[in-house]
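Asks: Structure: data01.pdb, PDB, C-alpha atoms and all ligand atoms.
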ATOM      1  CA  MET A   8      64.637 -11.944  38.331  1.00  0.00           C
ATOM      2  CA  LYS A   9      67.625 -10.076  36.974  1.00  0.00           C
ATOM      3  CA  THR A  10      65.956  -9.267  33.649  1.00  0.00           C
ATOM      4  CA  ARG A  11      62.892  -7.972  35.422  1.00  0.00           C
ATOM      5  CA  CYS A  12      65.070  -5.668  37.471  1.00  0.00           C
ATOM      6  CA  LEU A  13      66.793  -4.376  34.347  1.00  0.00           C
ATOM      7  CA  LEU A  14      63.457  -3.821  32.635  1.00  0.00           C
ATOM      8  CA  PHE A  15      62.284  -1.873  35.669  1.00  0.00           C
ATOM      9  CA  LEU A  16      65.404   0.286  35.542  1.00  0.00           C
ATOM     10  CA  ALA A  17      65.085   0.855  31.809  1.00  0.00           C
ATOM     11  CA  LEU A  18      61.475   1.970  32.164  1.00  0.00           C
ATOM     12  CA  HIS A  19      62.448   4.371  34.878  1.00  0.00           C
ATOM     13  CA  LEU A  20      65.228   5.760  32.732  1.00  0.00           C
ATOM     14  CA  VAL A  21      62.836   6.338  29.833  1.00  0.00           C
ATOM     15  CA  ALA A  22      60.347   8.043  32.113  1.00  0.00           C
ATOM     16  CA  ALA A  23      63.024  10.243  33.650  1.00  0.00           C
ATOM     17  CA  LEU A  24      64.358  11.238  30.252  1.00  0.00           C
ATOM     18  CA  THR A  25      60.889  12.044  28.978  1.00  0.00           C
ATOM     19  CA  ILE A  26      60.194  14.251  31.967  1.00  0.00           C
ATOM     20  CA  ALA A  27      63.588  15.943  31.659  1.00  0.00           C
ATOM     21  CA  ALA A  28      63.076  16.576  27.948  1.00  0.00           C
ATOM     22  CA  ARG A  29      59.661  18.054  28.549  1.00  0.00           C
ATOM     23  CA  ALA A  30      60.934  20.261  31.350  1.00  0.00           C
ATOM     24  CA  SER A  31      63.806  21.574  29.262  1.00  0.00           C
ATOM     25  CA  ALA A  32      61.484  22.216  26.327  1.00  0.00           C
ATOM     26  CA  GLU A  33      59.208  24.159  28.623  1.00  0.00           C
ATOM     27  CA  GLY A  34      62.166  26.031  30.010  1.00  0.00           C
ATOM     28  CA  GLN A  35      63.109  27.122  26.522  1.00  0.00           C
ATOM     29  CA  THR A  36      59.687  28.185  25.379  1.00  0.00           C
ATOM     30  CA  PRO A  37      59.724  31.980  25.504  1.00  0.00           C
ATOM     31  CA  THR A  38      56.785  33.780  26.983  1.00  0.00           C
ATOM     32  CA  PRO A  39      54.797  35.797  24.441  1.00  0.00           C
ATOM     33  CA  ALA A  40      56.559  38.955  25.598  1.00  0.00           C
ATOM     34  CA  GLN A  41      60.009  37.471  24.982  1.00  0.00           C
ATOM     35  CA  ARG A  42      59.180  35.744  21.747  1.00  0.00           C
ATOM     36  CA  PRO A  43      60.790  37.461  18.778  1.00  0.00           C
ATOM     37  CA  ALA A  44      58.530  38.515  15.971  1.00  0.00           C
ATOM     38  CA  ALA A  45      60.254  35.765  13.999  1.00  0.00           C
ATOM     39  CA  THR A  46      57.486  33.229  13.866  1.00  0.00           C
ATOM     40  CA  ALA A  47      54.702  35.381  12.548  1.00  0.00           C
ATOM     41  CA  ALA A  48      54.968  38.680  10.746  1.00  0.00           C
ATOM     42  CA  PRO A  49      53.217  41.408  12.697  1.00  0.00           C
ATOM     43  CA  ALA A  50      50.031  42.699  11.181  1.00  0.00           C
ATOM     44  CA  GLY A  51      50.912  45.785   9.217  1.00  0.00           C
ATOM     45  CA  ASN A  52      49.126  48.272   7.011  1.00  0.00           C
ATOM     46  CA  ALA A  53      50.285  47.874   3.422  1.00  0.00           C
ATOM     47  CA  GLU A  54      48.868  51.260   2.345  1.00  0.00           C
ATOM     48  CA  ASN A  55      50.871  53.058   4.976  1.00  0.00           C
ATOM     49  CA  GLY A  56      53.839  50.819   4.234  1.00  0.00           C
ATOM     50  CA  LYS A  57      53.823  52.040   0.655  1.00  0.00           C
ATOM     51  CA  LYS A  58      54.067  55.644   1.850  1.00  0.00           C
ATOM     52  CA  LEU A  59      56.848  54.799   4.292  1.00  0.00           C
ATOM     53  CA  PHE A  60      58.757  52.827   1.667  1.00  0.00           C
ATOM     54  CA  THR A  61      58.820  56.071  -0.307  1.00  0.00           C
ATOM     55  CA  SER A  62      59.371  58.559   2.510  1.00  0.00           C
ATOM     56  CA  TYR A  63      62.239  56.570   4.066  1.00  0.00           C
ATOM     57  CA  GLY A  64      63.852  56.276   0.664  1.00  0.00           C
ATOM     58  CA  CYS A  65      63.827  52.474   0.430  1.00  0.00           C
ATOM     59  CA  TYR A  66      62.461  52.882  -3.087  1.00  0.00           C
ATOM     60  CA  GLU A  67      65.564  54.766  -4.197  1.00  0.00           C
ATOM     61  CA  CYS A  68      67.566  51.564  -4.135  1.00  0.00           C
ATOM     62  CA  HIS A  69      64.915  48.835  -4.149  1.00  0.00           C
ATOM     63  CA  GLY A  70      62.498  50.367  -6.660  1.00  0.00           C
ATOM     64  CA  ARG A  71      58.997  51.763  -6.119  1.00  0.00           C
ATOM     65  CA  GLU A  72      57.492  48.284  -6.324  1.00  0.00           C
ATOM     66  CA  ALA A  73      60.366  46.755  -4.318  1.00  0.00           C
ATOM     67  CA  GLN A  74      61.228  45.008  -7.574  1.00  0.00           C
ATOM     68  CA  GLY A  75      64.930  45.630  -7.063  1.00  0.00           C
ATOM     69  CA  SER A  76      67.661  46.443  -9.508  1.00  0.00           C
ATOM     70  CA  THR A  77      70.969  44.810 -10.256  1.00  0.00           C
ATOM     71  CA  ALA A  78      72.653  48.188  -9.789  1.00  0.00           C
ATOM     72  CA  THR A  79      71.237  49.494  -6.507  1.00  0.00           C
ATOM     73  CA  GLY A  80      69.451  46.947  -4.305  1.00  0.00           C
ATOM     74  CA  PRO A  81      67.816  43.510  -4.466  1.00  0.00           C
ATOM     75  CA  ARG A  82      64.130  42.700  -4.964  1.00  0.00           C
ATOM     76  CA  LEU A  83      62.290  42.683  -1.630  1.00  0.00           C
ATOM     77  CA  GLY A  84      58.758  41.569  -2.538  1.00  0.00           C
ATOM     78  CA  PRO A  85      56.376  39.835  -2.876  1.00  0.00           C
ATOM     79  CA  ARG A  86      58.154  37.156  -0.800  1.00  0.00           C
ATOM     80  CA  PRO A  87      60.352  39.087   1.618  1.00  0.00           C
ATOM     81  CA  LEU A  88      62.669  37.459   4.130  1.00  0.00           C
ATOM     82  CA  ALA A  89      61.043  36.365   7.391  1.00  0.00           C
ATOM     83  CA  PHE A  90      60.161  39.460   9.391  1.00  0.00           C
ATOM     84  CA  ALA A  91      62.826  38.890  12.053  1.00  0.00           C
ATOM     85  CA  ALA A  92      65.556  38.493   9.434  1.00  0.00           C
ATOM     86  CA  LEU A  93      64.358  41.524   7.503  1.00  0.00           C
ATOM     87  CA  SER A  94      64.179  43.632  10.628  1.00  0.00           C
ATOM     88  CA  LYS A  95      67.656  42.493  11.682  1.00  0.00           C
ATOM     89  CA  TYR A  96      69.073  43.384   8.285  1.00  0.00           C
ATOM     90  CA  VAL A  97      67.447  46.818   8.139  1.00  0.00           C
ATOM     91  CA  ARG A  98      68.782  47.595  11.645  1.00  0.00           C
ATOM     92  CA  GLN A  99      72.266  46.223  10.998  1.00  0.00           C
ATOM     93  CA  PRO A 100      73.019  45.783   7.324  1.00  0.00           C
ATOM     94  CA  THR A 101      76.295  44.099   6.474  1.00  0.00           C
ATOM     95  CA  GLY A 102      76.754  45.387   2.929  1.00  0.00           C
ATOM     96  CA  GLN A 103      76.178  48.608   1.047  1.00  0.00           C
ATOM     97  CA  MET A 104      72.824  49.446   2.566  1.00  0.00           C
ATOM     98  CA  PRO A 105      72.658  52.218   5.164  1.00  0.00           C
ATOM     99  CA  PRO A 106      71.330  51.162   8.605  1.00  0.00           C
ATOM    100  CA  TYR A 107      67.913  52.279   9.879  1.00  0.00           C
ATOM    101  CA  THR A 108      67.736  52.094  13.677  1.00  0.00           C
ATOM    102  CA  SER A 109      64.420  51.758  15.490  1.00  0.00           C
ATOM    103  CA  LYS A 110      64.661  55.461  16.300  1.00  0.00           C
ATOM    104  CA  VAL A 111      64.458  56.225  12.601  1.00  0.00           C
ATOM    105  CA  VAL A 112      62.136  53.458  11.389  1.00  0.00           C
ATOM    106  CA  SER A 113      60.029  52.165  14.292  1.00  0.00           C
ATOM    107  CA  ASP A 114      59.026  48.497  14.550  1.00  0.00           C
ATOM    108  CA  ALA A 115      55.466  49.519  13.688  1.00  0.00           C
ATOM    109  CA  ASP A 116      56.694  51.310  10.555  1.00  0.00           C
ATOM    110  CA  LEU A 117      58.691  48.256   9.602  1.00  0.00           C
ATOM    111  CA  ALA A 118      55.622  46.066  10.043  1.00  0.00           C
ATOM    112  CA  ASP A 119      53.741  48.343   7.628  1.00  0.00           C
ATOM    113  CA  ILE A 120      56.609  48.215   5.147  1.00  0.00           C
ATOM    114  CA  TYR A 121      56.613  44.423   5.501  1.00  0.00           C
ATOM    115  CA  ALA A 122      52.900  44.293   4.710  1.00  0.00           C
ATOM    116  CA  PHE A 123      53.552  46.458   1.636  1.00  0.00           C
ATOM    117  CA  LEU A 124      56.328  44.103   0.482  1.00  0.00           C
ATOM    118  CA  GLN A 125      54.118  41.044   0.926  1.00  0.00           C
ATOM    119  CA  ALA A 126      51.317  42.721  -1.002  1.00  0.00           C
ATOM    120  CA  ARG A 127      53.420  43.281  -4.154  1.00  0.00           C
ATOM    121  CA  PRO A 128      52.038  41.428  -7.150  1.00  0.00           C
ATOM    122  CA  GLN A 129      53.742  38.224  -8.213  1.00  0.00           C
ATOM    123  CA  PRO A 130      55.970  38.782 -11.216  1.00  0.00           C
ATOM    124  CA  PRO A 131      54.510  37.301 -14.414  1.00  0.00           C
ATOM    125  CA  ALA A 132      55.673  33.871 -15.516  1.00  0.00           C
ATOM    126  CA  LEU A 133      58.646  34.187 -17.843  1.00  0.00           C
ATOM    127  CA  ASP A 134      56.990  32.261 -20.656  1.00  0.00           C
ATOM    128  CA  SER A 135      54.065  34.705 -20.571  1.00  0.00           C
ATOM    129  CA  ILE A 136      56.370  37.490 -21.804  1.00  0.00           C
ATOM    130  CA  PRO A 137      56.654  37.239 -25.613  1.00  0.00           C
ATOM    131  CA  LEU A 138      60.002  38.999 -25.753  1.00  0.00           C
ATOM    132  CA  LEU A 139      61.540  36.494 -23.360  1.00  0.00           C
ATOM    133  CA  LYS A 140      60.057  33.410 -24.993  1.00  0.00           C
ATOM    134  CA  PRO A 141      62.903  32.865 -27.440  1.00  0.00           C
ATOM    135  CA  LEU A 142      65.338  32.880 -24.512  1.00  0.00           C
ATOM    136  CA  ILE A 143      63.511  30.159 -22.559  1.00  0.00           C
ATOM    137  CA  ASN A 144      63.716  26.480 -23.552  1.00  0.00           C
ATOM    138  CA  ARG A 145      66.685  27.050 -25.738  1.00  0.00           C
TER     139      ARG A 145
HETATM  140  C1  LIG D 201      71.205  53.463  -0.533  1.00  0.00           C
HETATM  141  C2  LIG D 201      70.496  52.304  -1.059  1.00  0.00           C
HETATM  142  C3  LIG D 201      69.516  51.572  -0.156  1.00  0.00           C
HETATM  143  C4  LIG D 201      68.473  52.096   0.591  1.00  0.00           C
HETATM  144  C5  LIG D 201      68.068  53.534   0.729  1.00  0.00           C
HETATM  145  C6  LIG D 201      67.826  50.948   1.202  1.00  0.00           C
HETATM  146  N1  LIG D 201      68.452  49.783   0.866  1.00  0.00           N
HETATM  147 FE1  LIG D 201      67.955  47.917   1.464  1.00  0.00          FE
HETATM  148  N2  LIG D 201      69.557  47.169   0.473  1.00  0.00           N
HETATM  149  C7  LIG D 201      70.423  47.900  -0.334  1.00  0.00           C
HETATM  150  C8  LIG D 201      71.447  47.027  -0.881  1.00  0.00           C
HETATM  151  C9  LIG D 201      72.568  47.416  -1.813  1.00  0.00           C
HETATM  152  C10 LIG D 201      71.179  45.737  -0.365  1.00  0.00           C
HETATM  153  C11 LIG D 201      71.975  44.437  -0.631  1.00  0.00           C
HETATM  154  C12 LIG D 201      72.847  44.094   0.534  1.00  0.00           C
HETATM  155  C13 LIG D 201      73.774  45.216   0.899  1.00  0.00           C
HETATM  156  O1  LIG D 201      74.674  45.569   0.129  1.00  0.00           O
HETATM  157  O2  LIG D 201      73.576  45.781   2.010  1.00  0.00           O
HETATM  158  C14 LIG D 201      69.982  45.864   0.475  1.00  0.00           C
HETATM  159  C15 LIG D 201      69.393  44.823   1.153  1.00  0.00           C
HETATM  160  C16 LIG D 201      68.208  44.922   1.837  1.00  0.00           C
HETATM  161  C17 LIG D 201      67.557  43.819   2.488  1.00  0.00           C
HETATM  162  C18 LIG D 201      68.056  42.384   2.533  1.00  0.00           C
HETATM  163  C19 LIG D 201      67.460  41.672   1.348  1.00  0.00           C
HETATM  164  C20 LIG D 201      67.899  40.231   1.253  1.00  0.00           C
HETATM  165  O3  LIG D 201      67.184  39.479   0.542  1.00  0.00           O
HETATM  166  O4  LIG D 201      68.905  39.842   1.858  1.00  0.00           O
HETATM  167  C21 LIG D 201      66.412  44.292   3.038  1.00  0.00           C
HETATM  168  C22 LIG D 201      65.366  43.497   3.811  1.00  0.00           C
HETATM  169  C23 LIG D 201      66.350  45.704   2.745  1.00  0.00           C
HETATM  170  N3  LIG D 201      67.457  46.041   2.011  1.00  0.00           N
HETATM  171  C24 LIG D 201      65.308  46.530   3.129  1.00  0.00           C
HETATM  172  C25 LIG D 201      65.339  47.915   3.004  1.00  0.00           C
HETATM  173  C26 LIG D 201      64.342  48.807   3.556  1.00  0.00           C
HETATM  174  C27 LIG D 201      63.093  48.358   4.280  1.00  0.00           C
HETATM  175  C28 LIG D 201      64.742  50.080   3.285  1.00  0.00           C
HETATM  176  C29 LIG D 201      64.113  51.371   3.707  1.00  0.00           C
HETATM  177  C30 LIG D 201      63.807  51.507   5.134  1.00  0.00           C
HETATM  178  C31 LIG D 201      65.994  49.973   2.529  1.00  0.00           C
HETATM  179  N4  LIG D 201      66.309  48.661   2.383  1.00  0.00           N
HETATM  180  C32 LIG D 201      66.709  51.045   2.043  1.00  0.00           C
HETATM  181  C33 LIG D 201      70.355  49.241  -0.575  1.00  0.00           C
HETATM  182  C34 LIG D 201      69.487  50.127   0.024  1.00  0.00           C
END
The structure in this file should be written as structure tokens.
Ligand code: HEC

Replies:
Amino acid sequence: MKTRCLLFLALHLVAALTIAARASAEGQTPTPAQRPAATAAPAGNAENGKKLFTSYGCYECHGREAQGSTATGPRLGPRPLAFAALSKYVRQPTGQMPPYTSKVVSDADLADIYAFLQARPQPPALDSIPLLKPLINR
């Protein structure tokens, strides 16, 4: 009798916890309007992004192909940070880079720049560059 009672209680506990977990998960799920652009990069226009990358001067430090330079700014493409992280950094950089607020570079502009960065060609494999071959596999 006692064990049955305990089993009954345990089942109830499991059910209650399951319901509570589901409710709290639902509570945390942001509505589409609240959801940050973190999960998916917004659809942007790479052609326009290329123009903006030049006109906003990103290229001055990151290179025309966003290839970066050890002297001025890191490579940004073809695999940029997640959009939310990139956007956060551009708005509030923590290093040498100047900030670009949304008044200067709108979110739509940034989405286009992001599309441009993603569309950069992959760099060639190191062992496909004859000059570098002697340096690899040493
Ligand atoms: C004056 C030079 C300069 C300009 C102009 C500039 N950046 Fe930067 N950027 C940097 C430097 C330097 C860093 C490395 C971190 C730092 O010191 O802030 C950086 C870092 C970044 C990062 C973070 C990269 C990472 O992997 O952490 C992003 C994203 C970025 N820049 C995007 C942009 C975009 C987009 C523009 C144009 C709207 C731009 N930058 C214009 C110099 C610049």

Asks: By how many Å are CA of Phe60 (chain A) and CA of Pro106 (chain A) apart?

Replies: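 We find that CA of Phe60 (chain A) and CA of Pro106 (chain A) lie 14.5 Å from each other.
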
Asks: Do you know which residues are within 9 Å of ligand LIG 201 (chain D) using only C-alpha atoms and all ligand atoms? Can you write them as JSON, numbers by chain?

Replies: {"A": [59, 60, 61, 62, 63, 64, 65, 66, 67, 68, 69, 73, 75, 77, 78, 79, 80, 81, 82, 83, 87, 88, 90, 92, 93, 94, 95, 96, 97, 100, 101, 102, 103, 104, 105, 106, 107, 111, 112, 116, 117, 120, 121, 124]}

Asks: Just how far from CA of Pro85 (chain A) is CA of Gln125 (chain A), in Å to one decimal?

Replies: 4.6 Å

Asks: Suppose you want the space between CA of Arg127 (chain A) and CA of Ile143 (chain A); what is it in Å?

Replies: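 Going from CA of Arg127 (chain A) over to CA of Ile143 (chain A) covers 24.8 Å.
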
Asks: For Arg98 (chain A), which residue out of A:Asn144, A:Gln129, A:Asn52, A:Ser113 is the nearest one, using only C-alpha atoms?

Replies: A:Ser113

Asks: Tell me which of A:Pro130, A:Ala118, A:Phe123, A:Ser109 sits closest to Ala91 (chain A), counting all atoms listed in the file.

Replies: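 The closest residue to Ala91 (chain A) is A:Ala118.
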
Asks: First collect every listed atom of region 47-52 of chain A; then fit an axis-aligned box around them, widen it by 4 Å on each side, and give centre and edge lengths in Å to one decimal, as AutoDock Vina command-line options.

Replies:
--center_x 52.0 --center_y 41.8 --center_z 9.9 --size_x 13.8 --size_y 20.9 --size_z 13.7
